[in-house]
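A.B. asks: The structure under discussion is supplied below as structure tokens; questions concerning it will follow.
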Amino acid sequence: MSPSARRTGRPRSAEADRAILGATRAALVELGWAKLTLGDVAARAGVAKTTLYRRWASKCELVVDAIAAVFDEHLEATDRGSLHADVEAVVIRLGALLERPETGTALMAVIAEAMHDETLRCRVRSAIVDRQKRLVMVGRERARLRGELPREEDPEESARHADLIFDTVAGAVLHRLMISAEPVDPRWARDFTDLLLYGLTGADPGGAAAGPAPDGAQKPAGSV
């Protein structure tokens with residue numbers, strides 16, 4: 001069979017995909033979930049409605065992919081030299097990302113809808129949550145190579161820990177912004193990271209995980 005015979009349509013255009021996903025986020029902010037239609041997205045993106053249906057089977061898939069694209073593009077596990085600095089950087093970056101209306105508002109609309117839509121909840125899990133857990137995996141491995149964390153030999157236990165870390169960070173940042181309506185500023189990010197790494201006692205068993213404290217910052221009790 002020739003290559004042309006195996007094709008099922010015209011190749012996808014990355015430019016068209018970006019326009020569609022951007023239009024979806026803008027429409028969701030302006031119209032909300034209930035009023036959002038694929039026809040409105042198509043008009044905003046300047047494409048035919050059939051173009052959307054060739055790429056996404058439903059509004060759920062389209063909206064979740066539109067949000068996931070922003071997370072994929074803007075969240076990264078940057079090496080800042082220590083576990084503490086790495087966690088702080090991710091917290092601040094996630095906070096800044098969720099403060100953008102096209103991300104935060106869209107995500108909250110999807111979460112609200114997913115509360116009574118199991119298919120949508122699974123889509124959010126696979127397209128956003130599971131993909132962004134890479135930040136936890138990359139950060140933990142980097143910390144192990146530095147000697148800041150022990151290696152976990154049990155894959156299942158390691159996966160459970162990754163879930164817990166992700167839920168803790170994402171949940172805290174979402175609550176801070178969406179419920180408390182307070183900023184995720186550097187001071188809060190540092191305090192939250194201290195609590196995450198050292199617990200309620202503030203003790204730093206390793207004495208090196210935090211790295212150098214920012215000028216004027218007080219390190220947790222028990223740290224050196």
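How things are named: the first chain in the structure tokens is A, the next is B, and so on; residues count from 1 in each chain; ligands count from 1 in the order shown.
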Find the spatial neighbours of range 177-192 of chain A, counting only C-alpha atoms, within a cut-off of 7 Å - ignore same-chain residues fewer than 3 positions away - and output them as a PyMOL selection string.

C.D. replies: chain A and resi 88+91-92+95+173-174+195-196

A.B. asks: Would you mind exporting the chosen residues as a compact mmCIF listing (two decimals), in the first residue's frame, restricted to N, CA and C atoms?

C.D. replies:
```
# COMPACT_ATOMS: atom_id res chain seq x y z
N GLU A 88 10.45 25.55 44.99
CA GLU A 88 10.00 26.95 44.98
C GLU A 88 9.72 27.44 43.56
N VAL A 91 6.47 26.01 42.21
CA VAL A 91 5.32 26.60 42.89
C VAL A 91 5.03 28.00 42.33
N ILE A 92 6.06 28.80 42.20
CA ILE A 92 5.89 30.17 41.69
C ILE A 92 5.40 30.15 40.24
N GLY A 95 1.78 29.06 40.15
CA GLY A 95 0.92 30.15 40.59
C GLY A 95 0.74 31.20 39.52
N VAL A 173 -1.58 25.26 45.89
CA VAL A 173 -1.54 26.44 45.01
C VAL A 173 -2.94 26.81 44.53
N LEU A 174 -3.74 25.82 44.15
CA LEU A 174 -5.11 26.09 43.72
C LEU A 174 -5.93 26.71 44.84
N LEU A 195 7.59 24.05 54.63
CA LEU A 195 6.64 23.14 55.26
C LEU A 195 6.61 21.79 54.55
N LEU A 196 6.65 21.81 53.23
CA LEU A 196 6.62 20.57 52.45
C LEU A 196 7.85 19.72 52.72
```

A.B. asks: Kindly give the distance, in Å, that separates CA of Glu102 in chain A and CA of Ala27 in chain A, rounded to a single decimal.

C.D. replies: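 A separation of 8.9 Å between them.
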
A.B. asks: List every residue of range 35-99 of chain A that DSSP, applied to the backbone, labels as alpha helix (DSSP H), and write the result as a VMD selection string.

C.D. replies: chain A and resid 35 38 to 45 49 to 55 59 to 74 83 to 98

A.B. asks: May I have the residues within 9 Å of Val64 in chain A as a list in words, using only C-alpha atoms and disregarding those fewer than 2 positions away in the same chain?

C.D. replies: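 Using only C-alpha atoms, the neighbours found are Lys59, Cys60, Glu61, Leu62, Ala66, Ile67, Ala68, Ala69, Ala106, Leu107, Val110, Leu120, Arg123, Val124, Ala127 and Ile128 of chain A.
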
A.B. asks: I'd like the neighbourhood of Arg18 in chain A as a ChimeraX atom specification, where a residue qualifies if any of its atoms comes within 10 Å (using only C-alpha atoms), though same-chain residues fewer than 4 positions away should be ignored.

C.D. replies: /A:13-14,22-24,45,66,69

A.B. asks: Based on the selection just made, write all heavy atoms of those residues as an mmCIF file, in the first residue's frame.

C.D. replies:
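File written: selection-v6.cif
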```
data_model
loop_
_atom_site.group_PDB
_atom_site.id
_atom_site.type_symbol
_atom_site.label_atom_id
_atom_site.label_comp_id
_atom_site.auth_asym_id
_atom_site.auth_seq_id
_atom_site.Cartn_x
_atom_site.Cartn_y
_atom_site.Cartn_z
ATOM 1 N N SER A 13 -2.387 20.670 10.863
ATOM 2 C CA SER A 13 -1.590 21.885 10.862
ATOM 3 C C SER A 13 -1.343 22.327 12.293
ATOM 4 O O SER A 13 -2.293 22.555 13.050
ATOM 5 C CB SER A 13 -2.316 22.993 10.091
ATOM 6 O OG SER A 13 -1.762 24.254 10.392
ATOM 7 N N ALA A 14 -0.071 22.432 12.677
ATOM 8 C CA ALA A 14 0.254 22.878 14.031
ATOM 9 C C ALA A 14 -0.251 24.291 14.270
ATOM 10 O O ALA A 14 -0.725 24.631 15.364
ATOM 11 C CB ALA A 14 1.765 22.807 14.252
ATOM 12 N N GLY A 22 -6.158 28.185 21.383
ATOM 13 C CA GLY A 22 -6.208 29.538 21.925
ATOM 14 C C GLY A 22 -7.622 30.103 21.896
ATOM 15 O O GLY A 22 -8.073 30.751 22.852
ATOM 16 N N ALA A 23 -8.335 29.866 20.803
ATOM 17 C CA ALA A 23 -9.721 30.332 20.693
ATOM 18 C C ALA A 23 -10.611 29.642 21.718
ATOM 19 O O ALA A 23 -11.539 30.255 22.259
ATOM 20 C CB ALA A 23 -10.239 30.068 19.279
ATOM 21 N N THR A 24 -10.335 28.387 21.994
ATOM 22 C CA THR A 24 -11.115 27.645 22.989
ATOM 23 C C THR A 24 -10.948 28.253 24.377
ATOM 24 O O THR A 24 -11.933 28.454 25.102
ATOM 25 C CB THR A 24 -10.675 26.176 23.020
ATOM 26 O OG1 THR A 24 -10.838 25.603 21.718
ATOM 27 C CG2 THR A 24 -11.488 25.383 24.027
ATOM 28 N N ALA A 45 -11.338 30.922 15.672
ATOM 29 C CA ALA A 45 -10.052 30.423 15.165
ATOM 30 C C ALA A 45 -9.914 30.610 13.661
ATOM 31 O O ALA A 45 -8.817 30.438 13.113
ATOM 32 C CB ALA A 45 -9.893 28.950 15.519
ATOM 33 N N ALA A 66 -7.011 22.141 25.357
ATOM 34 C CA ALA A 66 -6.641 23.560 25.315
ATOM 35 C C ALA A 66 -5.945 23.979 26.593
ATOM 36 O O ALA A 66 -4.968 24.746 26.569
ATOM 37 C CB ALA A 66 -7.887 24.413 25.088
ATOM 38 N N ALA A 69 -2.395 22.157 26.921
ATOM 39 C CA ALA A 69 -1.350 22.731 26.068
ATOM 40 C C ALA A 69 -0.606 23.851 26.787
ATOM 41 O O ALA A 69 0.615 24.009 26.630
ATOM 42 C CB ALA A 69 -1.956 23.254 24.772
#
```

A.B. asks: When you look at range 149-156 of chain A with a cut-off of 10 Å (counting only C-alpha atoms), what residues show up, excluding the ones that are within fewer than 4 positions of it in the same chain? I need them as number ranges by chain.

C.D. replies: A: 83, 140-145, 160-162, 206, 209

A.B. asks: Would you mind exporting the chosen residues as a PDB file, in the first residue's frame, restricted to N, CA and C atoms?

C.D. replies:
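The file below, selection_29.pdb, is the result:
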```pdb
ATOM      1  N   LEU A  83      16.978  20.953  45.941  1.00  0.00           N
ATOM      2  CA  LEU A  83      15.590  20.521  45.961  1.00  0.00           C
ATOM      3  C   LEU A  83      14.676  21.665  46.390  1.00  0.00           C
ATOM      4  N   ARG A 140      12.475  14.770  41.633  1.00  0.00           N
ATOM      5  CA  ARG A 140      12.937  13.779  42.614  1.00  0.00           C
ATOM      6  C   ARG A 140      14.208  13.079  42.155  1.00  0.00           C
ATOM      7  N   GLU A 141      14.268  12.728  40.879  1.00  0.00           N
ATOM      8  CA  GLU A 141      15.466  12.055  40.372  1.00  0.00           C
ATOM      9  C   GLU A 141      16.677  12.974  40.458  1.00  0.00           C
ATOM     10  N   ARG A 142      16.464  14.241  40.153  1.00  0.00           N
ATOM     11  CA  ARG A 142      17.557  15.203  40.239  1.00  0.00           C
ATOM     12  C   ARG A 142      18.047  15.330  41.686  1.00  0.00           C
ATOM     13  N   ALA A 143      17.096  15.350  42.630  1.00  0.00           N
ATOM     14  CA  ALA A 143      17.469  15.445  44.040  1.00  0.00           C
ATOM     15  C   ALA A 143      18.206  14.187  44.505  1.00  0.00           C
ATOM     16  N   ARG A 144      17.819  13.026  43.985  1.00  0.00           N
ATOM     17  CA  ARG A 144      18.517  11.790  44.348  1.00  0.00           C
ATOM     18  C   ARG A 144      19.961  11.813  43.852  1.00  0.00           C
ATOM     19  N   LEU A 145      20.163  12.311  42.641  1.00  0.00           N
ATOM     20  CA  LEU A 145      21.510  12.386  42.098  1.00  0.00           C
ATOM     21  C   LEU A 145      22.381  13.349  42.897  1.00  0.00           C
ATOM     22  N   ARG A 160       3.186   6.097  44.481  1.00  0.00           N
ATOM     23  CA  ARG A 160       2.275   6.654  45.484  1.00  0.00           C
ATOM     24  C   ARG A 160       2.814   7.960  46.042  1.00  0.00           C
ATOM     25  N   HIS A 161       4.113   7.997  46.287  1.00  0.00           N
ATOM     26  CA  HIS A 161       4.727   9.220  46.801  1.00  0.00           C
ATOM     27  C   HIS A 161       4.629  10.353  45.775  1.00  0.00           C
ATOM     28  N   ALA A 162       4.824  10.020  44.503  1.00  0.00           N
ATOM     29  CA  ALA A 162       4.715  11.038  43.449  1.00  0.00           C
ATOM     30  C   ALA A 162       3.301  11.611  43.399  1.00  0.00           C
ATOM     31  N   GLY A 206      18.701  16.552  56.792  1.00  0.00           N
ATOM     32  CA  GLY A 206      19.911  16.507  55.984  1.00  0.00           C
ATOM     33  C   GLY A 206      20.761  17.742  56.115  1.00  0.00           C
ATOM     34  N   ALA A 209      19.308  20.312  52.112  1.00  0.00           N
ATOM     35  CA  ALA A 209      18.308  20.294  51.042  1.00  0.00           C
ATOM     36  C   ALA A 209      17.833  21.672  50.649  1.00  0.00           C
TER      37      ALA A 209
END
```
